[in-house]
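This is my_file-v1.cif (mmCIF, C-alpha atoms).
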data_start
#
loop_
_atom_site.label_atom_id
_atom_site.label_comp_id
_atom_site.auth_asym_id
_atom_site.auth_seq_id
_atom_site.Cartn_x
_atom_site.Cartn_y
_atom_site.Cartn_z
CA MET A 1 3.92 47.89 -19.39
CA ALA A 2 2.85 48.86 -22.90
CA ASP A 3 0.95 52.11 -23.31
CA LEU A 4 -2.62 51.19 -24.28
CA LYS A 5 -3.91 54.76 -24.51
CA THR A 6 -5.61 55.21 -27.87
CA THR A 7 -6.92 57.99 -30.03
CA PHE A 8 -9.69 57.00 -32.41
CA LEU A 9 -11.04 59.80 -34.62
CA GLY A 10 -9.47 62.23 -32.19
CA ILE A 11 -11.27 60.57 -29.26
CA SER A 12 -8.91 59.61 -26.44
CA SER A 13 -9.48 56.63 -24.17
CA PRO A 14 -7.17 54.88 -21.71
CA ASN A 15 -7.35 51.59 -23.63
CA PRO A 16 -8.81 50.32 -26.92
CA PHE A 17 -11.61 48.33 -25.26
CA TRP A 18 -15.06 49.88 -25.62
CA LEU A 19 -18.41 48.39 -24.69
CA ALA A 20 -20.59 47.96 -27.76
CA SER A 21 -24.06 49.43 -28.07
CA ALA A 22 -26.23 46.80 -26.38
CA PRO A 23 -27.99 46.00 -23.07
CA PRO A 24 -24.78 46.60 -21.04
CA THR A 25 -24.82 50.28 -22.09
CA ASP A 26 -28.54 50.93 -21.65
CA LYS A 27 -28.30 53.21 -18.62
CA ALA A 28 -25.94 55.28 -16.51
CA TYR A 29 -25.79 52.68 -13.75
CA ASN A 30 -24.27 50.09 -16.09
CA VAL A 31 -21.89 52.46 -17.86
CA ASN A 32 -20.69 53.91 -14.55
CA ARG A 33 -19.90 50.39 -13.29
CA ALA A 34 -18.07 49.64 -16.54
CA PHE A 35 -15.92 52.75 -16.29
CA GLU A 36 -15.16 52.04 -12.64
CA ALA A 37 -13.99 48.59 -13.75
CA GLY A 38 -11.63 50.15 -16.30
CA TRP A 39 -13.30 50.10 -19.73
CA GLY A 40 -11.92 52.68 -22.13
CA GLY A 41 -15.23 53.72 -23.63
CA ALA A 42 -18.84 52.85 -24.28
CA VAL A 43 -21.28 53.15 -27.14
CA TRP A 44 -24.64 53.97 -25.56
CA LYS A 45 -27.48 51.63 -26.42
CA THR A 46 -29.15 52.76 -29.63
CA LEU A 47 -31.40 55.79 -29.30
CA GLY A 48 -34.52 56.32 -31.38
CA GLU A 49 -37.42 58.71 -31.58
CA ASP A 50 -39.86 59.39 -28.80
CA PRO A 51 -42.12 57.72 -27.84
CA PRO A 52 -39.74 54.80 -27.29
CA ILE A 53 -40.31 51.35 -28.73
CA VAL A 54 -41.67 48.49 -26.62
CA ASN A 55 -39.65 45.32 -26.03
CA VAL A 56 -41.11 41.91 -25.26
CA SER A 57 -41.52 41.02 -21.60
CA GLY A 58 -40.34 37.47 -22.09
CA PRO A 59 -37.22 35.62 -23.20
CA ARG A 60 -34.96 37.90 -25.23
CA TYR A 61 -31.79 35.84 -25.19
CA SER A 62 -30.73 32.30 -26.00
CA ALA A 63 -27.35 30.61 -26.28
CA ILE A 64 -25.37 27.80 -27.82
CA HIS A 65 -23.18 26.07 -25.26
CA SER A 66 -20.06 23.94 -25.47
CA ASN A 67 -20.01 20.55 -23.79
CA GLU A 68 -18.67 22.32 -20.72
CA ARG A 69 -21.72 24.65 -20.68
CA ARG A 70 -19.64 27.59 -21.86
CA VAL A 71 -21.50 30.12 -24.03
CA ILE A 72 -20.01 30.10 -27.52
CA GLY A 73 -22.91 31.64 -29.44
CA PHE A 74 -25.52 34.12 -28.29
CA ASN A 75 -28.80 35.31 -29.76
CA ASN A 76 -31.03 38.24 -28.85
CA ILE A 77 -34.30 39.73 -30.04
CA GLU A 78 -34.08 42.88 -27.93
CA LEU A 79 -34.73 46.11 -29.80
CA ILE A 80 -33.20 49.54 -29.32
CA THR A 81 -33.63 51.38 -26.02
CA ASP A 82 -37.13 51.32 -24.57
CA ARG A 83 -36.38 54.18 -22.18
CA PRO A 84 -37.55 57.78 -22.83
CA LEU A 85 -35.11 59.75 -24.96
CA GLN A 86 -34.76 62.55 -22.41
CA THR A 87 -33.89 60.06 -19.68
CA ASN A 88 -31.09 58.70 -21.85
CA LEU A 89 -29.83 62.16 -22.74
CA ASP A 90 -29.74 63.30 -19.11
CA GLU A 91 -27.79 60.21 -18.08
CA MET A 92 -25.36 60.47 -21.01
CA ARG A 93 -24.62 64.09 -20.09
CA GLN A 94 -23.89 63.12 -16.51
CA ILE A 95 -21.67 60.18 -17.49
CA LYS A 96 -19.57 62.38 -19.78
CA GLN A 97 -19.18 64.96 -17.03
CA ASP A 98 -18.16 62.32 -14.51
CA TRP A 99 -15.79 60.47 -16.87
CA PRO A 100 -14.20 63.04 -19.21
CA ASP A 101 -11.28 60.73 -20.01
CA ARG A 102 -13.53 57.94 -21.38
CA ALA A 103 -15.00 57.70 -24.86
CA LEU A 104 -18.78 58.06 -24.97
CA VAL A 105 -20.43 57.43 -28.33
CA ALA A 106 -24.15 57.73 -29.05
CA SER A 107 -25.65 54.99 -31.20
CA VAL A 108 -28.69 56.24 -33.13
CA MET A 109 -31.31 54.66 -35.38
CA LEU A 110 -33.79 56.93 -37.14
CA PRO A 111 -36.28 56.73 -40.02
CA MET A 112 -35.03 57.43 -43.51
CA ASN A 113 -35.94 61.09 -43.82
CA GLU A 114 -33.56 63.99 -43.42
CA PRO A 115 -35.71 66.24 -41.19
CA THR A 116 -35.73 63.58 -38.47
CA TRP A 117 -31.94 63.33 -38.48
CA ALA A 118 -31.66 67.12 -38.47
CA LYS A 119 -33.98 67.26 -35.43
CA TYR A 120 -32.53 64.56 -33.22
CA LEU A 121 -28.77 64.56 -33.78
CA PRO A 122 -28.18 68.08 -32.38
CA MET A 123 -30.27 67.14 -29.33
CA VAL A 124 -28.06 64.13 -28.69
CA GLU A 125 -24.79 65.93 -29.42
CA GLU A 126 -25.65 68.60 -26.85
CA THR A 127 -24.98 66.02 -24.12
CA GLY A 128 -21.26 66.23 -24.85
CA ILE A 129 -20.87 62.84 -26.54
CA ASP A 130 -17.67 62.27 -28.51
CA ALA A 131 -19.17 60.75 -31.67
CA PHE A 132 -22.21 59.17 -33.26
CA GLU A 133 -22.51 55.56 -34.35
CA LEU A 134 -25.23 55.08 -36.96
CA ASN A 135 -26.83 51.70 -36.35
CA PHE A 136 -27.38 50.22 -39.81
CA GLY A 137 -26.93 46.69 -38.56
CA CYS A 138 -29.67 45.30 -36.29
CA PRO A 139 -31.33 42.45 -38.21
CA HIS A 140 -34.47 42.00 -36.14
CA GLY A 141 -37.51 44.08 -35.31
CA MET A 142 -36.23 47.47 -36.38
CA SER A 143 -35.43 46.29 -39.90
CA GLU A 144 -39.14 45.50 -40.29
CA ARG A 145 -39.71 49.23 -39.73
CA GLY A 146 -37.30 50.27 -42.46
CA MET A 147 -34.31 50.85 -40.18
CA GLY A 148 -31.30 48.85 -38.99
CA ALA A 149 -30.20 46.18 -41.44
CA ALA A 150 -32.88 47.32 -43.90
CA VAL A 151 -30.69 50.40 -44.40
CA GLY A 152 -27.36 48.60 -44.05
CA GLN A 153 -28.17 46.21 -46.89
CA VAL A 154 -28.68 49.05 -49.39
CA PRO A 155 -25.49 51.04 -50.08
CA GLU A 156 -27.45 53.98 -51.50
CA TYR A 157 -29.35 54.32 -48.22
CA ILE A 158 -26.13 54.13 -46.20
CA GLN A 159 -24.60 56.95 -48.19
CA MET A 160 -27.76 59.04 -47.94
CA ALA A 161 -28.11 58.69 -44.17
CA ALA A 162 -24.38 59.25 -43.62
CA GLU A 163 -24.66 62.52 -45.56
CA TRP A 164 -27.62 63.61 -43.42
CA ALA A 165 -25.71 62.77 -40.25
CA LYS A 166 -22.63 64.68 -41.33
CA LYS A 167 -24.77 67.74 -42.03
CA ALA A 168 -26.46 67.58 -38.63
CA ALA A 169 -23.46 66.64 -36.47
CA SER A 170 -20.21 68.40 -35.66
CA VAL A 171 -18.64 65.35 -33.97
CA PRO A 172 -17.30 62.30 -35.88
CA VAL A 173 -19.76 59.90 -37.47
CA ILE A 174 -19.18 56.14 -37.38
CA VAL A 175 -21.31 53.84 -39.55
CA LYS A 176 -22.06 50.44 -38.03
CA LEU A 177 -22.33 47.83 -40.79
CA THR A 178 -24.47 44.72 -40.99
CA PRO A 179 -22.88 41.35 -41.81
CA ASN A 180 -26.11 40.22 -43.45
CA VAL A 181 -24.76 40.98 -46.92
CA THR A 182 -22.84 38.98 -49.50
CA ASN A 183 -20.05 41.54 -49.81
CA ILE A 184 -19.07 44.03 -47.12
CA LEU A 185 -17.18 46.33 -49.49
CA PRO A 186 -20.13 48.14 -51.18
CA PRO A 187 -21.63 49.16 -47.80
CA ALA A 188 -18.22 50.28 -46.55
CA LYS A 189 -17.60 52.26 -49.73
CA ALA A 190 -21.05 53.86 -49.40
CA ALA A 191 -20.23 54.95 -45.85
CA LEU A 192 -17.01 56.50 -47.10
CA ASP A 193 -18.75 58.23 -49.99
CA GLY A 194 -21.33 59.60 -47.57
CA GLY A 195 -18.60 61.27 -45.56
CA ALA A 196 -18.48 58.87 -42.62
CA ASP A 197 -15.37 59.22 -40.50
CA ALA A 198 -15.13 55.50 -39.68
CA VAL A 199 -16.99 52.19 -39.75
CA SER A 200 -17.69 49.68 -37.01
CA LEU A 201 -18.41 46.03 -37.67
CA ILE A 202 -19.87 43.56 -37.40
CA ASN A 203 -23.38 43.84 -36.04
CA THR A 204 -25.32 40.64 -35.39
CA ILE A 205 -26.23 37.89 -37.87
CA ASN A 206 -29.76 36.69 -38.65
CA SER A 207 -30.37 33.52 -36.67
CA ILE A 208 -32.77 31.06 -35.08
CA MET A 209 -31.03 29.06 -32.38
CA ARG A 210 -33.07 25.84 -32.13
CA VAL A 211 -36.49 24.33 -31.49
CA ASP A 212 -38.18 23.34 -28.26
CA TYR A 213 -37.98 19.54 -28.33
CA ASP A 214 -41.20 19.10 -26.36
CA SER A 215 -43.52 21.49 -28.19
CA LEU A 216 -41.60 21.48 -31.50
CA THR A 217 -41.89 25.24 -31.74
CA MET A 218 -38.89 27.46 -32.23
CA TYR A 219 -37.04 28.46 -29.05
CA PRO A 220 -37.43 30.87 -27.36
CA THR A 221 -40.97 32.08 -27.94
CA THR A 222 -43.25 34.83 -26.67
CA ASP A 223 -46.70 33.41 -26.03
CA GLY A 224 -46.01 30.54 -28.40
CA MET A 225 -44.53 32.55 -31.29
CA GLY A 226 -40.91 33.43 -32.00
CA THR A 227 -38.80 35.39 -34.45
CA HIS A 228 -35.27 35.41 -35.75
CA GLY A 229 -32.77 37.40 -33.73
CA GLY A 230 -29.22 38.64 -33.92
CA TYR A 231 -26.38 36.11 -33.47
CA CYS A 232 -23.17 37.14 -31.73
CA GLY A 233 -20.48 35.79 -29.43
CA GLU A 234 -17.32 33.78 -30.03
CA ALA A 235 -18.81 31.87 -32.95
CA VAL A 236 -19.11 34.96 -35.17
CA LYS A 237 -15.52 36.14 -34.79
CA PRO A 238 -14.16 34.52 -37.99
CA ILE A 239 -16.92 36.21 -40.01
CA ALA A 240 -16.13 39.54 -38.41
CA LEU A 241 -12.37 39.19 -38.96
CA ASN A 242 -12.86 38.45 -42.64
CA MET A 243 -15.01 41.54 -43.14
CA VAL A 244 -12.63 43.77 -41.18
CA ALA A 245 -9.66 42.50 -43.19
CA GLU A 246 -11.49 42.99 -46.50
CA ILE A 247 -12.09 46.65 -45.72
CA ALA A 248 -8.55 47.14 -44.40
CA ARG A 249 -6.82 45.58 -47.43
CA THR A 250 -8.96 47.00 -50.25
CA LYS A 251 -7.67 50.11 -51.97
CA GLU A 252 -11.04 51.87 -52.13
CA THR A 253 -11.79 51.44 -48.41
CA ARG A 254 -8.48 51.07 -46.60
CA SER A 255 -8.52 54.71 -45.55
CA LEU A 256 -11.54 54.07 -43.29
CA PRO A 257 -10.70 53.70 -39.60
CA ILE A 258 -12.33 50.56 -38.20
CA SER A 259 -13.81 49.76 -34.82
CA GLY A 260 -13.85 45.96 -34.64
CA ILE A 261 -16.79 44.05 -33.17
CA GLY A 262 -17.73 40.38 -33.04
CA GLY A 263 -16.86 37.66 -30.55
CA ILE A 264 -14.09 39.36 -28.59
CA SER A 265 -13.76 37.36 -25.38
CA ASP A 266 -10.08 37.57 -24.46
CA TRP A 267 -6.92 39.49 -25.37
CA ARG A 268 -6.08 37.14 -28.23
CA ASP A 269 -9.32 38.07 -29.95
CA ALA A 270 -8.38 41.73 -29.60
CA VAL A 271 -4.97 41.04 -31.14
CA ASP A 272 -6.70 39.35 -34.08
CA PHE A 273 -8.91 42.36 -34.77
CA LEU A 274 -6.16 44.93 -34.27
CA ALA A 275 -3.62 43.09 -36.41
CA LEU A 276 -6.19 42.71 -39.19
CA GLY A 277 -6.90 46.42 -39.36
CA ALA A 278 -9.15 47.57 -36.51
CA SER A 279 -7.96 50.56 -34.50
CA ASN A 280 -10.00 49.65 -31.44
CA VAL A 281 -12.48 46.96 -30.42
CA GLN A 282 -15.98 46.80 -28.98
CA VAL A 283 -17.20 44.06 -26.65
CA CYS A 284 -20.71 42.97 -25.71
CA THR A 285 -21.42 39.25 -25.32
CA ALA A 286 -18.39 38.48 -23.16
CA ALA A 287 -19.40 41.25 -20.75
CA MET A 288 -22.96 39.88 -20.64
CA VAL A 289 -21.66 36.40 -19.87
CA TYR A 290 -18.82 37.22 -17.45
CA GLY A 291 -19.41 40.77 -16.22
CA PHE A 292 -17.41 43.97 -16.54
CA LYS A 293 -14.34 42.75 -14.63
CA ILE A 294 -13.15 40.85 -17.70
CA ILE A 295 -11.56 44.16 -18.67
CA ASP A 296 -8.69 43.28 -16.32
CA ASP A 297 -7.79 40.19 -18.35
CA LEU A 298 -8.24 42.05 -21.63
CA VAL A 299 -5.93 44.89 -20.61
CA ASP A 300 -3.32 42.73 -18.88
CA GLY A 301 -3.24 40.21 -21.70
CA LEU A 302 -2.81 42.83 -24.42
CA ASN A 303 -0.18 44.63 -22.34
CA ASN A 304 1.84 41.45 -21.86
CA PHE A 305 1.54 40.49 -25.52
CA LEU A 306 2.82 43.86 -26.71
CA ASP A 307 5.68 43.77 -24.22
CA ASP A 308 6.62 40.25 -25.29
CA LYS A 309 6.60 41.23 -28.96
CA GLN A 310 8.25 44.58 -28.24
CA LEU A 311 5.50 46.33 -30.18
CA THR A 312 3.51 49.45 -29.55
CA LEU A 313 -0.25 49.39 -29.99
CA ASP A 314 0.07 51.51 -33.13
CA GLU A 315 2.61 49.06 -34.56
CA LEU A 316 0.22 46.16 -33.97
CA ILE A 317 -2.69 47.81 -35.79
CA GLY A 318 -2.82 46.44 -39.34
CA LYS A 319 0.30 44.30 -38.87
CA ALA A 320 -1.33 41.21 -40.44
CA VAL A 321 -3.15 42.98 -43.28
CA PRO A 322 -0.33 42.55 -45.87
CA SER A 323 -0.54 38.77 -45.36
CA VAL A 324 -4.18 38.62 -46.50
CA THR A 325 -4.59 37.96 -50.21
CA ASP A 326 -6.82 36.25 -52.78
CA TRP A 327 -6.60 32.48 -53.24
CA GLN A 328 -5.16 32.88 -56.74
CA TYR A 329 -1.99 34.44 -55.31
CA LEU A 330 -1.12 31.60 -52.92
CA ASN A 331 2.17 29.77 -53.55
CA LEU A 332 1.22 26.35 -54.90
CA ASN A 333 4.83 25.17 -54.67
CA TYR A 334 4.95 25.68 -50.92
CA VAL A 335 4.84 22.44 -48.88
CA GLU A 336 4.00 21.74 -45.25
CA LYS A 337 3.43 18.35 -43.63
CA ALA A 338 2.02 17.32 -40.26
CA VAL A 339 4.29 15.92 -37.54
CA ILE A 340 3.05 14.11 -34.41
CA ASP A 341 5.00 14.57 -31.17
CA GLN A 342 4.99 11.05 -29.76
CA GLU A 343 5.78 12.28 -26.25
CA LEU A 344 2.61 14.36 -26.17
CA CYS A 345 0.38 11.88 -28.01
CA ILE A 346 -2.30 10.33 -25.75
CA GLN A 347 -3.13 7.60 -28.29
CA CYS A 348 -6.77 8.71 -28.65
CA GLY A 349 -6.72 8.05 -32.39
CA ARG A 350 -8.88 10.99 -33.45
CA CYS A 351 -6.31 12.13 -35.99
CA HIS A 352 -6.26 8.70 -37.64
CA VAL A 353 -10.06 8.36 -37.71
CA VAL A 354 -10.75 11.71 -39.32
CA CYS A 355 -7.90 11.40 -41.80
CA GLU A 356 -8.90 7.85 -42.70
CA ASP A 357 -12.61 8.59 -43.05
CA THR A 358 -12.66 12.12 -44.46
CA SER A 359 -9.25 13.08 -45.74
CA HIS A 360 -6.17 11.43 -47.30
CA GLN A 361 -5.47 8.26 -45.28
CA ALA A 362 -2.16 9.75 -44.19
CA ILE A 363 -1.99 8.67 -40.53
CA THR A 364 -1.19 5.15 -39.33
CA HIS A 365 -2.89 3.43 -36.40
CA THR A 366 -0.29 0.68 -35.95
CA VAL A 367 3.47 0.50 -36.50
CA ASN A 368 5.21 -2.88 -36.28
CA GLY A 369 2.09 -4.34 -34.69
CA GLU A 370 1.85 -1.69 -31.97
CA ARG A 371 -0.72 1.10 -31.62
CA ARG A 372 1.08 4.17 -32.88
CA PHE A 373 -0.06 7.19 -34.84
CA GLU A 374 2.38 8.55 -37.37
CA VAL A 375 2.04 10.70 -40.46
CA ILE A 376 2.65 9.01 -43.81
CA ASP A 377 4.45 11.88 -45.47
CA SER A 378 3.91 10.66 -49.02
CA GLU A 379 0.13 10.84 -48.49
CA CYS A 380 -0.09 13.95 -46.34
CA VAL A 381 -1.29 17.05 -48.23
CA GLY A 382 -0.78 19.39 -45.27
CA CYS A 383 -4.50 20.10 -44.86
CA ASN A 384 -4.23 20.76 -41.08
CA LEU A 385 -7.31 18.66 -40.23
CA CYS A 386 -5.41 16.52 -37.73
CA VAL A 387 -4.07 19.62 -35.98
CA SER A 388 -7.59 21.00 -35.74
CA VAL A 389 -9.12 17.92 -34.09
CA CYS A 390 -6.26 16.86 -31.82
CA PRO A 391 -7.30 17.37 -28.17
CA VAL A 392 -3.71 18.00 -27.02
CA GLU A 393 -2.40 21.45 -27.88
CA GLY A 394 0.95 21.27 -29.65
CA CYS A 395 0.89 17.50 -30.13
CA ILE A 396 0.47 17.77 -33.90
CA SER A 397 2.10 20.63 -35.73
CA MET A 398 2.75 21.66 -39.31
CA HIS A 399 6.35 21.79 -40.47
CA GLN A 400 7.56 23.65 -43.51
CA LEU A 401 9.50 21.69 -46.09
CA THR A 402 11.56 23.28 -48.80
CA GLU A 403 9.43 25.42 -51.05
CA GLY A 404 9.03 23.01 -53.93
CA ILE A 405 12.64 21.76 -53.81
CA ASP A 406 13.46 18.09 -53.15
CA PRO A 407 16.35 18.28 -50.62
CA ARG A 408 17.72 14.94 -51.83
CA THR A 409 18.10 15.89 -55.46
CA GLY A 410 17.73 19.68 -55.63
CA GLU A 411 14.98 19.09 -58.19
CA THR A 412 12.07 21.54 -58.27
CA ILE A 413 8.91 19.54 -57.73
CA SER A 414 5.24 20.24 -57.09
CA PRO A 415 3.66 19.22 -53.77
CA GLU A 416 1.54 16.47 -55.33
CA LYS A 417 4.69 14.70 -56.59
CA ALA A 418 6.59 15.01 -53.34
CA ASP A 419 7.61 11.93 -51.35
CA TRP A 420 8.68 13.21 -47.97
CA THR A 421 8.85 9.85 -46.14
CA THR A 422 12.52 10.14 -45.25
CA HIS A 423 12.59 13.89 -44.77
CA ARG A 424 11.76 14.21 -41.10
CA ASN A 425 15.39 13.91 -40.00
CA ASN A 426 16.96 15.31 -43.17
CA PRO A 427 19.34 18.15 -42.20
CA MET A 428 18.56 19.89 -45.51
CA ARG A 429 14.92 20.24 -44.56
CA LYS A 430 13.92 23.81 -43.75
CA THR A 431 11.57 24.14 -40.79
CA LYS A 432 9.86 27.04 -39.14
#
In structure tokens, how does this file's structure come out?
Amino acid sequence: MADLKTTFLGISSPNPFWLASAPPTDKAYNVNRAFEAGWGGAVWKTLGEDPPIVNVSGPRYSAIHSNERRVIGFNNIELITDRPLQTNLDEMRQIKQDWPDRALVASVMLPMNEPTWAKYLPMVEETGIDAFELNFGCPHGMSERGMGAAVGQVPEYIQMAAEWAKKAASVPVIVKLTPNVTNILPPAKAALDGGADAVSLINTINSIMRVDYDSLTMYPTTDGMGTHGGYCGEAVKPIALNMVAEIARTKETRSLPISGIGGISDWRDAVDFLALGASNVQVCTAAMVYGFKIIDDLVDGLNNFLDDKQLTLDELIGKAVPSVTDWQYLNLNYVEKAVIDQELCIQCGRCHVVCEDTSHQAITHTVNGERRFEVIDSECVGCNLCVSVCPVEGCISMHQLTEGIDPRTGETISPEKADWTTHRNNPMRKTK
């Protein structure tokens, strides 16, 4: 089995899977259960000043479901911890004593004045925590009080608070970034300039899930009124991956270690984050939907993947980053076309309908008077739409043709002039 032990900012943990700062890490009972299940670390639910804030005593969560009633998007309006600070500190101290081999990070959110940071951070660090995570990401409730995303959307504030934290703390400082920005690089650069040791991302995205179709008010509500919350879960993963990769591939920020967050539900999601530049990953929604025992599948799946690829965890980290580039650098002479495996095809016709209605009319619905779906190579632009909508995995695949070279003539041609009708069985055709 692959060795999943990781060291992030000098913090050792038995695997790269940490629980993110959220309801699952709100108290010692939960974190103890998580560590018993096998999680490598936990970021304690965000601490604030005393007296603690007050959460609503009504619906805090809502979800978007697939047709099979599987949660694919999740929304919450819960604020930072509503438990007394001293209660949290006592429990964090005990957890670290009981689980010295696990990473324990304190998430904090404080007003934008240096004396407050200087007062509270030493109090928290005294518990024995391994690092701080500065929560500059929450988009609801706390941002209205000048914290959370209200800080994370202003690079100057990020740098300022990071500097205060580094003065007050002797353990590493991680800055948690908000995705509610147009460009993730200025906030990341500000964290670096402020002396932060790493960044974590993404936090949740501003969202309203739906309306109540009877009352025609937003859903959910508290006594008839509602507010936007933070969106997370599987649906946000592509947004998170893009932001992680941007930081990892950009010269000014690539030195920042990254803790990846956003829609990690199985081991494949972890591979995506790690390969695109994250050094470890944090999980929340999947644990809230399925419970802490999902760690078994996460660990086993990542172990098996690394063994199959004959890679170490360190070798996987950042492996895909060199393949990420700007659109202008893509090879416009490269050609791929779709191919339908007739043995797997169930004749549903979805590929034909979507291509006919919304794409390039490149898939037949009849051949010699019989129902049959085939790609018309001369019309196919390789857009991958048919692959995306096909309900049978592997039935439609993309095959590489020569990179701008007509195998019949040796002539260099552009994709829009290519006529690949007879190429499927051409022995000169290069395929992946």
Contacts of A:Thr127 at 7 Å or less, counting only C-alpha atoms, minus same-chain residues fewer than 4 places along, as a compact mmCIF listing (two decimals) with C-alpha atoms, keeping the file's coordinate frame?
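Wrote selection-v9.txt, looks like this:
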# COMPACT_ATOMS: atom_id res chain seq x y z
CA LEU A 89 -29.83 62.16 -22.74
CA MET A 92 -25.36 60.47 -21.01
CA ARG A 93 -24.62 64.09 -20.09
Report task. List the residues selected by the PyMOL selection byres ((chain A and resi 11) around 12) in the file shown, writing them as an NGL selection string. Result -> :A and (5-10 or 12-16 or 18 or 40-42 or 100-105 or 129-132 or 171-173 or 279-280)
Shell of 8 Å around stretch 222-229 of chain A, all atoms listed in the file, local chain residues under 5 positions omitted, as a PDB file with C-alpha atoms, in the frame of the given file:
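out12.pdb was written with the following content:
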ATOM      1  CA  VAL A  56     -41.110  41.910 -25.260  1.00  0.00           C
ATOM      2  CA  GLY A  58     -40.340  37.470 -22.090  1.00  0.00           C
ATOM      3  CA  PRO A  59     -37.220  35.620 -23.200  1.00  0.00           C
ATOM      4  CA  ASN A  75     -28.800  35.310 -29.760  1.00  0.00           C
ATOM      5  CA  ASN A  76     -31.030  38.240 -28.850  1.00  0.00           C
ATOM      6  CA  ILE A  77     -34.300  39.730 -30.040  1.00  0.00           C
ATOM      7  CA  PRO A 139     -31.330  42.450 -38.210  1.00  0.00           C
ATOM      8  CA  HIS A 140     -34.470  42.000 -36.140  1.00  0.00           C
ATOM      9  CA  ILE A 205     -26.230  37.890 -37.870  1.00  0.00           C
ATOM     10  CA  ASN A 206     -29.760  36.690 -38.650  1.00  0.00           C
ATOM     11  CA  SER A 207     -30.370  33.520 -36.670  1.00  0.00           C
ATOM     12  CA  ILE A 208     -32.770  31.060 -35.080  1.00  0.00           C
ATOM     13  CA  THR A 217     -41.890  25.240 -31.740  1.00  0.00           C
TER      14      THR A 217
END
Report task. Compile the contact shell of A:Leu306 as a PyMOL selection string: residues with an atom at most 12 Å away, counting only C-alpha atoms, same-chain residues fewer than 2 positions apart removed. Result -> chain A and resi 1-4+267-268+270-271+274-275+299-304+308-317
Output for the residues just chosen: C-alpha atoms as a CSV table (one decimal), in the coordinates of the input:
chain,number,residue,atom,x,y,z
A,1,MET,CA,3.9,47.9,-19.4
A,2,ALA,CA,2.8,48.9,-22.9
A,3,ASP,CA,1.0,52.1,-23.3
A,4,LEU,CA,-2.6,51.2,-24.3
A,267,TRP,CA,-6.9,39.5,-25.4
A,268,ARG,CA,-6.1,37.1,-28.2
A,270,ALA,CA,-8.4,41.7,-29.6
A,271,VAL,CA,-5.0,41.0,-31.1
A,274,LEU,CA,-6.2,44.9,-34.3
A,275,ALA,CA,-3.6,43.1,-36.4
A,299,VAL,CA,-5.9,44.9,-20.6
A,300,ASP,CA,-3.3,42.7,-18.9
A,301,GLY,CA,-3.2,40.2,-21.7
A,302,LEU,CA,-2.8,42.8,-24.4
A,303,ASN,CA,-0.2,44.6,-22.3
A,304,ASN,CA,1.8,41.4,-21.9
A,308,ASP,CA,6.6,40.2,-25.3
A,309,LYS,CA,6.6,41.2,-29.0
A,310,GLN,CA,8.2,44.6,-28.2
A,311,LEU,CA,5.5,46.3,-30.2
A,312,THR,CA,3.5,49.4,-29.6
A,313,LEU,CA,-0.2,49.4,-30.0
A,314,ASP,CA,0.1,51.5,-33.1
A,315,GLU,CA,2.6,49.1,-34.6
A,316,LEU,CA,0.2,46.2,-34.0
A,317,ILE,CA,-2.7,47.8,-35.8
Query raised in the report: With all atoms listed in the file as the basis for distance, which of A:Val367, A:Val321, A:Leu47, A:Leu401 is at the shortest distance from A:Thr250?
Result: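 Among A:Val367, A:Val321, A:Leu47, A:Leu401, it is A:Val321 that comes nearest to A:Thr250.
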Query raised in the report: Could you name the residues that touch A:Thr182 at 12 Å or less, counting all atoms listed in the file, but leaving out those on the same chain fewer than 4 positions away, as a list in words?
Result: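 Here the qualifying residues turn out to be Gly152, Gln153, Val154, Thr178, Pro186, Pro187, Ile239 and Met243 of chain A.
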Query raised in the report: Quick one: of A:Ala235, A:Thr221, A:Pro257, A:Glu252, who's nearest to A:Asp197, counting only C-alpha atoms?
Result: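 Counting only C-alpha atoms, the residue closest to A:Asp197 is A:Pro257.
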Query - Picked residues, the PyMOL selection byres ((chain A and resi 337) around 6), as number ranges by chain - result: A: 336, 338, 382, 398-399
For stretch 140-227 of chain A versus stretch 64-74 of chain A, which residues have an atom no more than 10 Å away, and what is each residue's nearest atom pair and distance in Å rounded to one decimal, using all atoms listed in the file, chain-then-number order, as a tab-separated table?
residue	atom	partner	partner_atom	distance
A:Thr204	CA	A:Phe74	CA	9.6
A:Ser207	CA	A:Phe74	CA	9.7
A:Met209	CA	A:Ile64	CA	7.4
A:Arg210	CA	A:Ile64	CA	9.0
Report task. May I have the residues within 6 Å of stretch 347-364 of chain A as JSON, numbers by chain, using all atoms listed in the file and disregarding those fewer than 6 positions away in the same chain? Result -> {"A": [373, 374, 375, 376, 379, 380, 386]}
**Report entry** Explicit residues for the PyMOL selection byres ((chain A and resi 287) around 12) (as a VMD selection string)
**Finding:** chain A and resid 17 to 25 30 to 31 33 to 34 37 39 71 233 263 to 266 282 to 286 288 to 298
Query raised in the report: Which residue, A:Thr81, A:Ser215, A:Ser259, A:Asn333, has the smallest gap to A:Asn203 when you use all atoms listed in the file?
Result: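 Going through A:Thr81, A:Ser215, A:Ser259, A:Asn333 one by one, the smallest distance to A:Asn203 is for A:Ser259.
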With 6 Å of padding per side, what axis-aligned box (centre and edge lengths, Å, one decimal) covers all the listed atoms of stretch 195-205 of chain A? Give it as AutoDock Vina command-line options.
--center_x -20.7 --center_y 49.6 --center_z -40.5 --size_x 23.1 --size_y 35.4 --size_z 22.2
Report task. Quote the spacing between atom CA of A:Asp50 and atom CA of A:Ala196 in Å to one decimal place. Result -> 25.5 Å
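The two atoms in question, atom CA of A:Ala278 and atom CA of A:Val108, are spaced 21.6 Å apart.
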